[in-house]
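The data block below is input.pdb; it holds PDB, C-alpha atoms.
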ATOM      1  CA  LYS V   1       0.000   0.000   0.000
ATOM      2  CA  VAL V   2       3.048   2.282   0.281
ATOM      3  CA  TYR V   3       3.234   2.720  -3.506
ATOM      4  CA  ASP V   4      -0.508   3.367  -3.663
ATOM      5  CA  LEU V   5      -0.260   6.130  -1.041
ATOM      6  CA  LEU V   6       2.789   7.696  -2.704
ATOM      7  CA  GLU V   7       1.118   7.726  -6.113
ATOM      8  CA  SER V   8      -2.134   9.142  -4.726
ATOM      9  CA  SER V   9      -0.077  12.007  -3.267
ATOM     10  CA  GLY V  10       1.607  12.845  -6.571
ATOM     11  CA  ILE V  11       4.982  11.393  -5.568
ATOM     12  CA  ASP V  12       6.871   9.661  -8.370
ATOM     13  CA  VAL V  13       7.725   5.986  -7.976
ATOM     14  CA  PRO V  14       9.696   3.803 -10.395
ATOM     15  CA  ARG V  15       7.750   1.924 -13.085
ATOM     16  CA  HIS V  16       6.632  -1.285 -11.422
ATOM     17  CA  VAL V  17       4.432  -4.360 -11.580
ATOM     18  CA  TYR V  18       3.022  -6.575  -8.817
ATOM     19  CA  MET V  19       3.029 -10.354  -8.699
ATOM     20  CA  SER V  20       0.498 -11.318  -6.060
ATOM     21  CA  ARG V  21       0.402 -14.839  -4.717
ATOM     22  CA  ASP V  22      -1.438 -14.087  -1.464
ATOM     23  CA  GLY V  23      -4.448 -11.985  -2.457
ATOM     24  CA  TYR V  24      -2.812  -8.550  -2.452
ATOM     25  CA  VAL V  25      -4.306  -6.240  -5.073
ATOM     26  CA  SER V  26      -2.955  -2.740  -5.585
ATOM     27  CA  THR V  27      -5.186   0.245  -6.214
ATOM     28  CA  GLY V  28      -2.233   2.173  -7.667
ATOM     29  CA  THR V  29      -0.992   2.541 -11.217
ATOM     30  CA  GLY V  30       1.506  -0.326 -11.227
ATOM     31  CA  ASP V  31       1.108  -2.206 -14.502
ATOM     32  CA  GLY V  32      -0.092  -5.804 -14.563
ATOM     33  CA  ASN V  33      -1.591  -5.734 -11.078
ATOM     34  CA  GLY V  34      -3.736  -8.541  -9.840
ATOM     35  CA  GLU V  35      -3.641 -11.849  -8.107
ATOM     36  CA  GLY V  36      -1.961 -14.753  -9.780
ATOM     37  CA  GLY V  37      -1.675 -14.227 -13.475
ATOM     38  CA  ASP V  38       1.142 -15.127 -15.741
ATOM     39  CA  ILE V  39       4.828 -14.611 -15.090
ATOM     40  CA  ILE V  40       7.252 -15.423 -17.882
ATOM     41  CA  GLU V  41      10.952 -15.201 -17.135
ATOM     42  CA  HIS V  42      13.564 -14.573 -19.828
ATOM     43  CA  ASP V  43      17.331 -14.076 -19.543
ATOM     44  CA  ASP V  44      17.113 -10.279 -19.569
ATOM     45  CA  TYR V  45      13.521  -9.450 -18.611
ATOM     46  CA  ILE V  46      10.355 -10.702 -16.985
ATOM     47  CA  GLU V  47       6.812 -10.417 -18.237
ATOM     48  CA  ILE V  48       3.934 -10.281 -15.757
ATOM     49  CA  ASN V  49       0.382 -10.212 -17.078
ATOM     50  CA  GLY V  50       1.707  -8.869 -20.390
ATOM     51  CA  VAL V  51       3.919  -6.152 -18.825
ATOM     52  CA  VAL V  52       7.667  -6.342 -19.540
ATOM     53  CA  ILE V  53      10.279  -5.180 -16.990
ATOM     54  CA  HIS V  54      13.872  -5.337 -18.285
ATOM     55  CA  LYS V  55      16.900  -6.128 -16.151
ATOM     56  CA  PRO V  56      18.320  -4.595 -14.128
ATOM     57  CA  PHE V  57      15.221  -4.632 -11.968
ATOM     58  CA  VAL V  58      14.505  -4.668  -8.247
ATOM     59  CA  GLU V  59      12.454  -7.408  -6.595
ATOM     60  CA  LYS V  60      10.864  -6.287  -3.300
ATOM     61  CA  PRO V  61       8.470  -8.213  -1.074
ATOM     62  CA  VAL V  62       5.020  -6.573  -1.026
ATOM     63  CA  ASP V  63       5.307  -6.600   2.788
ATOM     64  CA  ALA V  64       7.137  -3.302   3.472
ATOM     65  CA  ASP V  65       8.553  -4.722   6.723
ATOM     66  CA  ASP V  66      10.401  -7.441   4.800
ATOM     67  CA  HIS V  67      13.782  -6.055   3.674
ATOM     68  CA  ASP V  68      14.824  -9.125   1.664
ATOM     69  CA  ILE V  69      15.381  -7.155  -1.566
ATOM     70  CA  ALA V  70      17.124  -8.431  -4.700
ATOM     71  CA  ILE V  71      18.456  -6.739  -7.838
ATOM     72  CA  TYR V  72      18.752  -8.877 -10.969
ATOM     73  CA  TYR V  73      21.260  -7.911 -13.678
ATOM     74  CA  PRO V  74      21.133  -8.567 -17.451
ATOM     75  CA  THR V  75      23.433 -11.065 -19.139
ATOM     76  CA  SER V  76      25.114  -8.154 -20.979
ATOM     77  CA  ALA V  77      26.371  -7.001 -17.545
ATOM     78  CA  GLY V  78      27.370 -10.522 -16.499
ATOM     79  CA  GLY V  79      24.013 -11.485 -14.953
ATOM     80  CA  GLY V  80      23.652 -12.438 -11.327
ATOM     81  CA  CYS V  81      21.750 -11.085  -8.377
ATOM     82  CA  LYS V  82      22.636  -8.666  -5.597
ATOM     83  CA  LYS V  83      20.779  -9.262  -2.342
ATOM     84  CA  LEU V  84      20.327  -6.224  -0.100
ATOM     85  CA  PHE V  85      19.774  -6.552   3.626
ATOM     86  CA  ARG V  86      19.919  -4.617   6.876
ATOM     87  CA  LYS V  87      23.542  -3.886   7.820
ATOM     88  CA  VAL V  88      25.419  -6.801   9.342
ATOM     89  CA  GLY V  89      28.843  -5.664  10.522
ATOM     90  CA  ASP V  90      30.373  -3.872   7.554
ATOM     91  CA  ARG V  91      28.093  -5.473   4.911
ATOM     92  CA  SER V  92      24.779  -4.318   3.446
ATOM     93  CA  SER V  93      24.571  -6.445   0.293
ATOM     94  CA  GLU V  94      26.076  -9.509  -1.305
ATOM     95  CA  PHE V  95      26.425 -10.414  -4.981
ATOM     96  CA  TYR V  96      25.523 -13.908  -6.208
ATOM     97  CA  PRO V  97      26.755 -14.427  -9.806
ATOM     98  CA  MET V  98      24.922 -17.749 -10.246
ATOM     99  CA  ILE V  99      21.460 -16.534  -9.190
ATOM    100  CA  ASN V 100      19.580 -15.288 -12.229
ATOM    101  CA  ASP V 101      16.041 -16.553 -11.612
ATOM    102  CA  ILE V 102      13.488 -14.591  -9.593
ATOM    103  CA  ARG V 103      11.900 -15.988  -6.448
ATOM    104  CA  ARG V 104       8.673 -17.931  -6.881
ATOM    105  CA  ASP V 105       7.448 -17.774  -3.263
ATOM    106  CA  GLY V 106       5.285 -14.942  -1.933
ATOM    107  CA  SER V 107       4.182 -11.648  -3.451
ATOM    108  CA  TYR V 108       6.640  -9.163  -4.933
ATOM    109  CA  ILE V 109       6.901  -5.751  -6.529
ATOM    110  CA  TYR V 110       9.191  -5.689  -9.560
ATOM    111  CA  GLU V 111      10.435  -2.225 -10.431
ATOM    112  CA  GLU V 112      12.870  -0.747 -12.892
ATOM    113  CA  PHE V 113      16.273  -0.173 -11.293
ATOM    114  CA  VAL V 114      16.914   3.541 -10.818
ATOM    115  CA  GLU V 115      20.561   4.624 -11.137
ATOM    116  CA  THR V 116      21.512   7.053  -8.356
ATOM    117  CA  GLN V 117      25.248   7.462  -9.037
ATOM    118  CA  GLY V 118      26.048   5.232  -6.040
ATOM    119  CA  THR V 119      24.497   7.454  -3.358
ATOM    120  CA  ASP V 120      21.428   6.975  -1.159
ATOM    121  CA  VAL V 121      19.705   9.944   0.472
ATOM    122  CA  LYS V 122      18.228   9.162   3.883
ATOM    123  CA  MET V 123      15.526  11.652   4.916
ATOM    124  CA  TYR V 124      14.296  12.189   8.471
ATOM    125  CA  THR V 125      11.324  14.392   9.334
ATOM    126  CA  VAL V 126       9.683  15.799  12.438
ATOM    127  CA  GLY V 127       6.286  17.072  11.350
ATOM    128  CA  PRO V 128       5.571  18.406   7.866
ATOM    129  CA  ASP V 129       7.856  21.447   8.165
ATOM    130  CA  TYR V 130      11.190  20.046   9.383
ATOM    131  CA  GLY V 131      13.469  17.577   7.689
ATOM    132  CA  HIS V 132      17.117  16.536   7.714
ATOM    133  CA  ALA V 133      18.807  14.553   4.968
ATOM    134  CA  GLU V 134      22.077  12.651   4.787
ATOM    135  CA  ALA V 135      23.809  10.880   1.920
ATOM    136  CA  ARG V 136      25.621   7.568   2.188
ATOM    137  CA  LYS V 137      27.190   5.116  -0.209
ATOM    138  CA  SER V 138      24.477   2.945  -1.719
ATOM    139  CA  PRO V 139      24.537  -0.767  -0.813
ATOM    140  CA  THR V 140      24.286  -1.466  -4.544
ATOM    141  CA  VAL V 141      27.857  -0.210  -5.102
ATOM    142  CA  ASP V 142      29.881  -2.974  -3.445
ATOM    143  CA  GLY V 143      27.967  -3.942  -0.301
ATOM    144  CA  LYS V 144      30.645  -2.553   2.026
ATOM    145  CA  VAL V 145      29.483  -0.122   4.693
ATOM    146  CA  GLU V 146      31.892   2.828   5.010
ATOM    147  CA  ARG V 147      32.600   3.595   8.668
ATOM    148  CA  ASN V 148      34.487   6.397  10.436
ATOM    149  CA  SER V 149      37.081   5.958  13.198
ATOM    150  CA  ASP V 150      34.254   5.706  15.772
ATOM    151  CA  GLY V 151      32.631   2.836  13.883
ATOM    152  CA  LYS V 152      29.658   4.920  12.704
ATOM    153  CA  GLU V 153      28.469   4.742   9.100
ATOM    154  CA  VAL V 154      29.917   7.624   7.071
ATOM    155  CA  ARG V 155      27.178  10.047   6.041
ATOM    156  CA  PHE V 156      27.168  13.585   4.719
ATOM    157  CA  PRO V 157      24.544  16.328   5.182
ATOM    158  CA  VAL V 158      22.476  17.049   2.084
ATOM    159  CA  ILE V 159      20.768  20.247   0.999
ATOM    160  CA  LEU V 160      17.300  19.381  -0.221
ATOM    161  CA  SER V 161      15.686  20.914  -3.277
ATOM    162  CA  LEU V 162      12.259  22.551  -2.983
ATOM    163  CA  ARG V 163      10.741  19.493  -4.709
ATOM    164  CA  GLU V 164      12.389  17.123  -2.208
ATOM    165  CA  LYS V 165      11.103  19.219   0.710
ATOM    166  CA  GLU V 166       7.601  19.059  -0.761
ATOM    167  CA  ILE V 167       7.884  15.278  -1.156
ATOM    168  CA  ALA V 168       8.889  15.005   2.512
ATOM    169  CA  ARG V 169       5.938  17.170   3.573
ATOM    170  CA  ARG V 170       3.506  15.056   1.555
ATOM    171  CA  ILE V 171       4.888  11.810   2.987
ATOM    172  CA  VAL V 172       4.448  13.047   6.581
ATOM    173  CA  ILE V 173       0.870  14.072   5.833
ATOM    174  CA  VAL V 174      -0.279  11.061   3.802
ATOM    175  CA  PHE V 175       1.279   8.470   6.119
ATOM    176  CA  LYS V 176       0.164  10.406   9.218
ATOM    177  CA  GLN V 177       3.624  10.020  10.770
ATOM    178  CA  GLN V 178       4.967  13.051  12.614
ATOM    179  CA  VAL V 179       8.400  11.425  12.970
ATOM    180  CA  CYS V 180       9.553   9.272  10.087
ATOM    181  CA  GLY V 181      12.477   8.302   7.921
ATOM    182  CA  PHE V 182      12.601   7.265   4.288
ATOM    183  CA  ASP V 183      14.898   7.125   1.272
ATOM    184  CA  LEU V 184      14.893   9.592  -1.613
ATOM    185  CA  LEU V 185      16.223   8.521  -5.008
ATOM    186  CA  ARG V 186      18.137  11.299  -6.748
ATOM    187  CA  VAL V 187      18.449  10.663 -10.449
ATOM    188  CA  GLN V 188      20.266  12.671 -13.096
TER
END

Can the structure in the file be given as structure tokens, please?
Amino acid sequence: KVYDLLESSGIDVPRHVYMSRDGYVSTGTGDGNGEGGDIIEHDDYIEINGVVIHKPFVEKPVDADDHDIAIYYPTSAGGGCKKLFRKVGDRSSEFYPMINDIRRDGSYIYEEFVETQGTDVKMYTVGPDYGHAEARKSPTVDGKVERNSDGKEVRFPVILSLREKEIARRIVIVFKQQVCGFDLLRVQ
């Protein structure tokens, strides 16, 4: 429902499609929505209910609390799969060159991979009028968490654009969360 709320608030999300195996049906604009349906897997793309998503693409569980996320790469880039996870020590992702097939258990969102030049922007808000943002190295780069001499993850303050501030305000309002954190994808 996160994507549905974002879209209803005029916040851009990557092009995506749902594969529901547990009754979840989106009310958003994701293509090919619906329970069951057809999924056809090719070397460099998948097709769900007639909608094609080319690799690289991101596979996310529909359950927003499940952070078992995978990125699948095309054969032209060597193929394989990068699995992202909550930080464990100095790791936040791991690459598996032999995994090329998507998971067939549970319900997933498949979205086009958005290139962010190797940086993630973490946004934190307190109410609709205050926000703080920090940049860090994306786990998609090499999976290694950069840490300072105190063992803390290296992050840098970010100046937000007016559009990013408006996105933050809308998220606070639509999700009815006075204190929240989320990621912003900055694309060129």

### Message
Show me, as a ChimeraX atom specification, the residues that have an atom within 9 Å of region 86-96 of chain V when counting all atoms listed in the file, minus same-chain residues fewer than 3 positions from it.
### Response
/V:67-68,80-83,99-100,138-147,153

### Query
With distances taken over only C-alpha atoms, which of V:Phe113, V:Asp150, V:Val174, V:Ala77 is nearest to His54 (chain V)?
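For His54 (chain V), the nearest of the candidates is V:Phe113.
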
### Query
What does the distance between CA of Ile159 (chain V) and CA of Thr119 (chain V) come to in Å, to one decimal place?
14.0 Å

### Query
What is the distance, in Å and to one decimal place, between CA of Val114 (chain V) and CA of Tyr45 (chain V)?
15.5 Å

### Summary
From the list V:Tyr73, V:Ile11, V:Asp65, V:Ser149, the nearest residue to Glu164 (chain V) using all atoms listed in the file is V:Ile11

Write out as an mmCIF file with C-alpha atoms, in the frame of the given file the residues lying within 12 Å of Val13 (chain V), counting all atoms listed in the file and excluding same-chain residues fewer than 6 positions away.
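Okay, this is what ended up in part.cif:
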data_model
loop_
_atom_site.group_PDB
_atom_site.id
_atom_site.type_symbol
_atom_site.label_atom_id
_atom_site.label_comp_id
_atom_site.auth_asym_id
_atom_site.auth_seq_id
_atom_site.Cartn_x
_atom_site.Cartn_y
_atom_site.Cartn_z
ATOM 1 C CA VAL V 2 3.048 2.282 0.281
ATOM 2 C CA TYR V 3 3.234 2.720 -3.506
ATOM 3 C CA ASP V 4 -0.508 3.367 -3.663
ATOM 4 C CA LEU V 5 -0.260 6.130 -1.041
ATOM 5 C CA LEU V 6 2.789 7.696 -2.704
ATOM 6 C CA GLU V 7 1.118 7.726 -6.113
ATOM 7 C CA GLY V 28 -2.233 2.173 -7.667
ATOM 8 C CA THR V 29 -0.992 2.541 -11.217
ATOM 9 C CA GLY V 30 1.506 -0.326 -11.227
ATOM 10 C CA ILE V 109 6.901 -5.751 -6.529
ATOM 11 C CA TYR V 110 9.191 -5.689 -9.560
ATOM 12 C CA GLU V 111 10.435 -2.225 -10.431
ATOM 13 C CA GLU V 112 12.870 -0.747 -12.892
ATOM 14 C CA PHE V 113 16.273 -0.173 -11.293
ATOM 15 C CA VAL V 114 16.914 3.541 -10.818
ATOM 16 C CA ILE V 167 7.884 15.278 -1.156
ATOM 17 C CA ASP V 183 14.898 7.125 1.272
ATOM 18 C CA LEU V 184 14.893 9.592 -1.613
ATOM 19 C CA LEU V 185 16.223 8.521 -5.008
ATOM 20 C CA ARG V 186 18.137 11.299 -6.748
ATOM 21 C CA VAL V 187 18.449 10.663 -10.449
#

### Task
One decimal, Å: what's the distance from CA of Gln178 (chain V) over to CA of Glu166 (chain V), could you say?
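It comes out at 14.9 Å.
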
### Query
Written as a PyMOL selection string, what is the full residue list that the PyMOL selection byres ((chain V and resi 59) around 9) yields on the file shown?
chain V and resi 57-58+60-61+68-72+102-103+108-111

Near-region 50-53 of chain V list (9 Å; only C-alpha atoms; drop same-chain fewer than 2 positions) as a PDB file with C-alpha atoms, in the coordinates of the input:
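This is the output file part-v3.pdb:
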ATOM      1  CA  ARG V  15       7.750   1.924 -13.085  1.00  0.00           C
ATOM      2  CA  HIS V  16       6.632  -1.285 -11.422  1.00  0.00           C
ATOM      3  CA  VAL V  17       4.432  -4.360 -11.580  1.00  0.00           C
ATOM      4  CA  ASP V  31       1.108  -2.206 -14.502  1.00  0.00           C
ATOM      5  CA  GLY V  32      -0.092  -5.804 -14.563  1.00  0.00           C
ATOM      6  CA  ASP V  38       1.142 -15.127 -15.741  1.00  0.00           C
ATOM      7  CA  ILE V  39       4.828 -14.611 -15.090  1.00  0.00           C
ATOM      8  CA  ILE V  40       7.252 -15.423 -17.882  1.00  0.00           C
ATOM      9  CA  ASP V  44      17.113 -10.279 -19.569  1.00  0.00           C
ATOM     10  CA  TYR V  45      13.521  -9.450 -18.611  1.00  0.00           C
ATOM     11  CA  ILE V  46      10.355 -10.702 -16.985  1.00  0.00           C
ATOM     12  CA  GLU V  47       6.812 -10.417 -18.237  1.00  0.00           C
ATOM     13  CA  ILE V  48       3.934 -10.281 -15.757  1.00  0.00           C
ATOM     14  CA  LYS V  55      16.900  -6.128 -16.151  1.00  0.00           C
ATOM     15  CA  PRO V  56      18.320  -4.595 -14.128  1.00  0.00           C
ATOM     16  CA  PHE V  57      15.221  -4.632 -11.968  1.00  0.00           C
ATOM     17  CA  TYR V 110       9.191  -5.689  -9.560  1.00  0.00           C
ATOM     18  CA  GLU V 111      10.435  -2.225 -10.431  1.00  0.00           C
ATOM     19  CA  GLU V 112      12.870  -0.747 -12.892  1.00  0.00           C
TER      20      GLU V 112
END

### Query
For Phe175 (chain V), which residue among V:Phe85, V:Pro128, V:Asp66, V:Lys137 is the nearest when counting only C-alpha atoms?
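The answer is V:Pro128, which sits nearest to Phe175 (chain V).
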
### Query
the PyMOL selection byres ((chain V and resi 158) around 9) on the file shown: which residues, as JSON, numbers by chain?
{"V": [121, 132, 133, 134, 135, 156, 157, 159, 160]}

Enclosing box along x, y and z for every listed atom of region 66-81 of chain V, padded 3 Å each side, centre and size in Å, one decimal, as lines of an AutoDock Vina configuration file:
center_x = 18.9
center_y = -9.2
center_z = -8.1
size_x = 23.0
size_y = 12.4
size_z = 31.8

### Task
With the file shown as input, list the residues that the PyMOL selection byres ((chain V and resi 172) around 12) selects, as a PyMOL selection string.
chain V and resi 5-6+9+123-131+165-171+173-182

Go ahead and write the residues just picked, C-alpha atoms, as a JSON list (two decimals), in the coordinates of the input.
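Now in result_32.json:
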[["chain", "number", "residue", "atom", "x", "y", "z"],
["V", 5, "LEU", "CA", -0.26, 6.13, -1.04],
["V", 6, "LEU", "CA", 2.79, 7.70, -2.70],
["V", 9, "SER", "CA", -0.08, 12.01, -3.27],
["V", 123, "MET", "CA", 15.53, 11.65, 4.92],
["V", 124, "TYR", "CA", 14.30, 12.19, 8.47],
["V", 125, "THR", "CA", 11.32, 14.39, 9.33],
["V", 126, "VAL", "CA", 9.68, 15.80, 12.44],
["V", 127, "GLY", "CA", 6.29, 17.07, 11.35],
["V", 128, "PRO", "CA", 5.57, 18.41, 7.87],
["V", 129, "ASP", "CA", 7.86, 21.45, 8.16],
["V", 130, "TYR", "CA", 11.19, 20.05, 9.38],
["V", 131, "GLY", "CA", 13.47, 17.58, 7.69],
["V", 165, "LYS", "CA", 11.10, 19.22, 0.71],
["V", 166, "GLU", "CA", 7.60, 19.06, -0.76],
["V", 167, "ILE", "CA", 7.88, 15.28, -1.16],
["V", 168, "ALA", "CA", 8.89, 15.00, 2.51],
["V", 169, "ARG", "CA", 5.94, 17.17, 3.57],
["V", 170, "ARG", "CA", 3.51, 15.06, 1.56],
["V", 171, "ILE", "CA", 4.89, 11.81, 2.99],
["V", 173, "ILE", "CA", 0.87, 14.07, 5.83],
["V", 174, "VAL", "CA", -0.28, 11.06, 3.80],
["V", 175, "PHE", "CA", 1.28, 8.47, 6.12],
["V", 176, "LYS", "CA", 0.16, 10.41, 9.22],
["V", 177, "GLN", "CA", 3.62, 10.02, 10.77],
["V", 178, "GLN", "CA", 4.97, 13.05, 12.61],
["V", 179, "VAL", "CA", 8.40, 11.42, 12.97],
["V", 180, "CYS", "CA", 9.55, 9.27, 10.09],
["V", 181, "GLY", "CA", 12.48, 8.30, 7.92],
["V", 182, "PHE", "CA", 12.60, 7.26, 4.29]]
